[in-house]
Every structure is written in structure tokens, then in C-alpha cells.
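Asker: Below are the C-alpha cells for one structure; questions will follow.
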Amino acid sequence: MIDRVAFDDDAGVLSVSFRQTGKYVYYDVPAAIFEALCKATSAGAFFNDQIKGRFQCRRDPERRRFGPNA
């Protein structure tokens with residue numbers, strides 16, 4: 001489900017790249033949540049329980065779409 005994650009500690013911004021749907025940016029995420037995500041046995045389960053729906057998010061504005069629906 002999750003391909004990679006990155007965290008900007010100063011801004012509290014978590015970037016999550018999903019294998020199927022691309023990259024999303026989550027705002028005002030505490031560093032402790034990122035640290036716990038990195039240590040979780042299942043990153044997907046942790047994401048669903050502790051991040052999804054709890055923080056403001058949007059698709060990465062740098063992501064470019066290609067194809068007929070772009």
C-alpha cells in the first residue's frame with residue numbers, strides 16, 4: 001500500500017507515496033506520529049488507524065498526471 005514516506009519536522013508535513021494512488025501531503029502531523037509510523041509492524045495498518053482522516057491532506061501539487069484524463 002505505502003511505497004515511501006518523508007517528513008519535514010520544521011513544517012510538520014508528512015508526505016506519503018502510495019503504490020496505486022500517488023503521493024499525498026498531510027499537514028500538522030506531530031513528529032511522534034511519523035516516528036511511530038516508521039517503527040510500525042504494518043505501515044498500512046498504522047496509517048489507517050492513526051493518520052487517515054485525522055489530518056488535513058491534499059494530493060502532492062508537484063505530481064504530474066499523464067494520459068487522456070490529464
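Please note that chains go A, B, ... in the order of the C-alpha cells, that every chain numbers its residues from 1, and that ligands are numbered from 1 in the order shown.
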Determine, counting only C-alpha atoms, which protein, DNA and RNA residues have an atom within 12 Å of an atom of Ala36 of chain A; residues of the same chain fewer than 2 positions away are not included. Present the result as an MDAnalysis selection string.
Answerer: chainID A and resid 29:34 38:43 45:47 49:51
Asker: What are the DSSP strand (DSSP E or B) residues of segment 1-56 of chain A, as a list in words?
Answerer: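 In segment 1-56 of chain A, DSSP puts these residues in strand (DSSP E or B): Ile2, Asp3, Arg4, Val5, Ala6, Phe7, Asp8, Val13, Leu14, Ser15, Val16, Ser17, Phe18, Gly22, Lys23, Tyr24, Val25 and Tyr26 of chain A.
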Asker: Taking N, CA, C and O atoms for each residue, export the selection above as a compact mmCIF listing (two decimals), in the first residue's frame.
Answerer:
# COMPACT_ATOMS: atom_id res chain seq x y z
N ILE A 2 1.78 1.38 0.95
CA ILE A 2 2.65 2.55 1.06
C ILE A 2 4.00 2.23 0.43
O ILE A 2 4.62 1.23 0.76
N ASP A 3 4.43 3.11 -0.45
CA ASP A 3 5.72 2.94 -1.12
C ASP A 3 6.84 3.61 -0.35
O ASP A 3 7.89 3.02 -0.13
N ARG A 4 6.61 4.86 0.09
CA ARG A 4 7.62 5.58 0.87
C ARG A 4 6.99 6.73 1.62
O ARG A 4 5.92 7.20 1.25
N VAL A 5 7.68 7.18 2.66
CA VAL A 5 7.22 8.31 3.45
C VAL A 5 8.40 9.26 3.67
O VAL A 5 9.56 8.84 3.66
N ALA A 6 8.08 10.54 3.86
CA ALA A 6 9.08 11.55 4.19
C ALA A 6 8.41 12.53 5.14
O ALA A 6 7.19 12.72 5.11
N PHE A 7 9.21 13.18 5.98
CA PHE A 7 8.66 14.08 6.98
C PHE A 7 9.52 15.32 7.08
O PHE A 7 10.74 15.24 7.17
N ASP A 8 8.87 16.49 7.08
CA ASP A 8 9.54 17.77 7.31
C ASP A 8 9.22 18.16 8.74
O ASP A 8 8.11 18.61 9.03
N VAL A 13 5.02 18.40 8.16
CA VAL A 13 4.39 17.90 6.94
C VAL A 13 4.89 16.49 6.64
O VAL A 13 6.09 16.24 6.57
N LEU A 14 3.92 15.60 6.49
CA LEU A 14 4.21 14.20 6.17
C LEU A 14 3.82 13.94 4.72
O LEU A 14 2.70 14.25 4.30
N SER A 15 4.73 13.39 3.96
CA SER A 15 4.47 13.03 2.57
C SER A 15 4.41 11.51 2.49
O SER A 15 5.33 10.83 2.94
N VAL A 16 3.31 10.99 1.94
CA VAL A 16 3.13 9.55 1.82
C VAL A 16 2.89 9.20 0.36
O VAL A 16 1.97 9.73 -0.26
N SER A 17 3.74 8.35 -0.19
CA SER A 17 3.58 7.87 -1.56
C SER A 17 2.95 6.49 -1.53
O SER A 17 3.49 5.57 -0.92
N PHE A 18 1.80 6.38 -2.16
CA PHE A 18 1.09 5.11 -2.24
C PHE A 18 1.37 4.46 -3.58
O PHE A 18 1.48 5.15 -4.60
N GLY A 22 -0.59 7.39 -5.80
CA GLY A 22 0.33 8.53 -5.86
C GLY A 22 0.65 9.12 -4.49
O GLY A 22 0.45 8.49 -3.46
N LYS A 23 1.11 10.36 -4.50
CA LYS A 23 1.62 10.99 -3.30
C LYS A 23 0.60 11.96 -2.71
O LYS A 23 -0.03 12.73 -3.42
N TYR A 24 0.48 11.92 -1.37
CA TYR A 24 -0.38 12.83 -0.63
C TYR A 24 0.44 13.50 0.46
O TYR A 24 1.38 12.91 1.00
N VAL A 25 0.08 14.74 0.77
CA VAL A 25 0.76 15.52 1.78
C VAL A 25 -0.20 15.75 2.94
O VAL A 25 -1.33 16.18 2.73
N TYR A 26 0.26 15.45 4.16
CA TYR A 26 -0.54 15.59 5.38
C TYR A 26 0.08 16.69 6.24
O TYR A 26 1.30 16.72 6.43
Asker: By how many Å are atom CA of Gln56 of chain A and atom CA of Tyr27 of chain A apart?
Answerer: 5.6 Å
Asker: Write out as a count of residues only which residues come within 8 Å of Met1 of chain A when counting only C-alpha atoms, dropping same-chain ones fewer than 3 positions away.
Answerer: 4
